[in-house]
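The structure appears below as structure tokens.
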Amino acid sequence: KTPLSLAAEYGHLAVVIFLAGKGANFERPDISHKTPLSLAVEKGHFEVVKFLAGKGANTESKDRYGKTPVSKAVENSRLDIVKFLVEMC
């Protein structure tokens with residue numbers, strides 16, 4: 001996983017912001033084809049999700065199982081994230 005993916009997965013917003021400022025790639029997937037946004041959604045880190053989506057991260061990316069960030073948020077009962085991502089579209 002990239003440093004950005006790890007920061008997003010563990011909810012370290014300050015690190016995500018720092019890495020984004022240094023030009024980190026928001027779309028680089030890990031071995032499971034999960035992007036930093038997907039990982040943040042999966043773990044429920046709403047502030048990280050808002051930041052990445054607000055910076056243009058692809059909200060329609062699919063992991064190796066065909067799941068998008070929205071479908072992952074639904075699966076994890078994160079209605080706050082679902083609402084936010086749907087409104088972004």
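FYI, nothing fancy with the structure tokens labels: chains A, B, ... in order, residues from 1 per chain, ligands from 1 as they appear.
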>> Residues within 12 Å of Pro29 (chain A), please, as number ranges by chain. Count only C-alpha atoms; anything in the same chain fewer than 2 positions from it doesn't count.
In response: A: 1-6, 25-27, 31-39, 57-58, 61-64
Keeping C-alpha atoms, export the residues of the selection given above as a compact mmCIF listing (two decimals), in the first residue's frame.
# COMPACT_ATOMS: atom_id res chain seq x y z
CA LYS A 1 0.00 0.00 0.00
CA THR A 2 1.08 3.55 -0.63
CA PRO A 3 1.60 6.02 2.21
CA LEU A 4 -1.61 7.78 1.13
CA SER A 5 -3.56 4.51 1.19
CA LEU A 6 -2.30 3.71 4.68
CA ASN A 25 -1.86 9.93 -6.47
CA PHE A 26 -5.47 9.61 -5.24
CA GLU A 27 -6.27 6.91 -7.75
CA ILE A 31 -3.37 -5.09 -4.54
CA SER A 32 -7.15 -5.46 -4.01
CA HIS A 33 -7.81 -2.54 -6.38
CA LYS A 34 -8.91 -0.35 -3.48
CA THR A 35 -8.12 3.34 -3.78
CA PRO A 36 -7.38 5.56 -0.79
CA LEU A 37 -11.01 6.74 -0.96
CA SER A 38 -12.29 3.16 -0.92
CA LEU A 39 -10.14 2.34 2.10
CA ALA A 57 -10.94 11.33 -6.01
CA ASN A 58 -12.97 9.00 -8.22
CA SER A 61 -13.81 3.37 -8.71
CA LYS A 62 -14.32 -0.37 -8.25
CA ASP A 63 -12.31 -2.82 -6.20
CA ARG A 64 -11.58 -6.35 -7.39
> Which residues come within 12 Å of Phe84 (chain A), counting only C-alpha atoms, excluding same-chain residues fewer than 3 positions away, as number ranges by chain?
Replying inline: A: 41, 46-47, 49-51, 53-54, 59, 69-70, 73-74, 78-81, 87-89
>> Using only C-alpha atoms, which protein or nucleic acid residues come within 9 Å of Lys43 (chain A)? Drop anything in the same chain fewer than 4 positions from it, and give the result as number ranges by chain.
In response: A: 8-11, 38-39, 76
>> Considering only helix (DSSP H, G or I) as DSSP defines it on the backbone, what residues of region 6-58 of chain A qualify? List them as a ChimeraX atom specification.
In response: /A:6-9,13-21,36-43,46-54
Write out, as an mmCIF file, in the first residue's frame, the residues just selected, with C-alpha atoms.
data_model
loop_
_atom_site.group_PDB
_atom_site.id
_atom_site.type_symbol
_atom_site.label_atom_id
_atom_site.label_comp_id
_atom_site.auth_asym_id
_atom_site.auth_seq_id
_atom_site.Cartn_x
_atom_site.Cartn_y
_atom_site.Cartn_z
ATOM 1 C CA LEU A 6 -2.296 3.711 4.679
ATOM 2 C CA ALA A 7 -3.083 7.199 5.975
ATOM 3 C CA ALA A 8 -6.588 7.032 4.488
ATOM 4 C CA GLU A 9 -7.212 3.527 5.826
ATOM 5 C CA LEU A 13 -6.436 13.227 7.971
ATOM 6 C CA ALA A 14 -3.419 15.469 8.614
ATOM 7 C CA VAL A 15 -1.154 12.967 6.853
ATOM 8 C CA VAL A 16 -3.626 12.626 3.969
ATOM 9 C CA ILE A 17 -3.676 16.421 3.569
ATOM 10 C CA PHE A 18 0.123 16.575 3.716
ATOM 11 C CA LEU A 19 0.583 13.823 1.126
ATOM 12 C CA ALA A 20 -2.048 15.362 -1.147
ATOM 13 C CA GLY A 21 -0.125 18.626 -0.978
ATOM 14 C CA PRO A 36 -7.376 5.561 -0.788
ATOM 15 C CA LEU A 37 -11.006 6.744 -0.959
ATOM 16 C CA SER A 38 -12.287 3.163 -0.922
ATOM 17 C CA LEU A 39 -10.144 2.345 2.100
ATOM 18 C CA ALA A 40 -11.332 5.425 3.997
ATOM 19 C CA VAL A 41 -14.959 4.537 3.225
ATOM 20 C CA GLU A 42 -14.437 0.923 4.278
ATOM 21 C CA LYS A 43 -13.055 2.008 7.655
ATOM 22 C CA PHE A 46 -15.751 10.362 7.090
ATOM 23 C CA GLU A 47 -13.417 13.384 7.301
ATOM 24 C CA VAL A 48 -10.876 11.632 5.088
ATOM 25 C CA VAL A 49 -13.649 10.644 2.675
ATOM 26 C CA LYS A 50 -14.836 14.264 2.476
ATOM 27 C CA PHE A 51 -11.327 15.534 1.851
ATOM 28 C CA LEU A 52 -10.439 13.000 -0.854
ATOM 29 C CA ALA A 53 -13.777 13.301 -2.654
ATOM 30 C CA GLY A 54 -13.565 17.074 -2.419
#
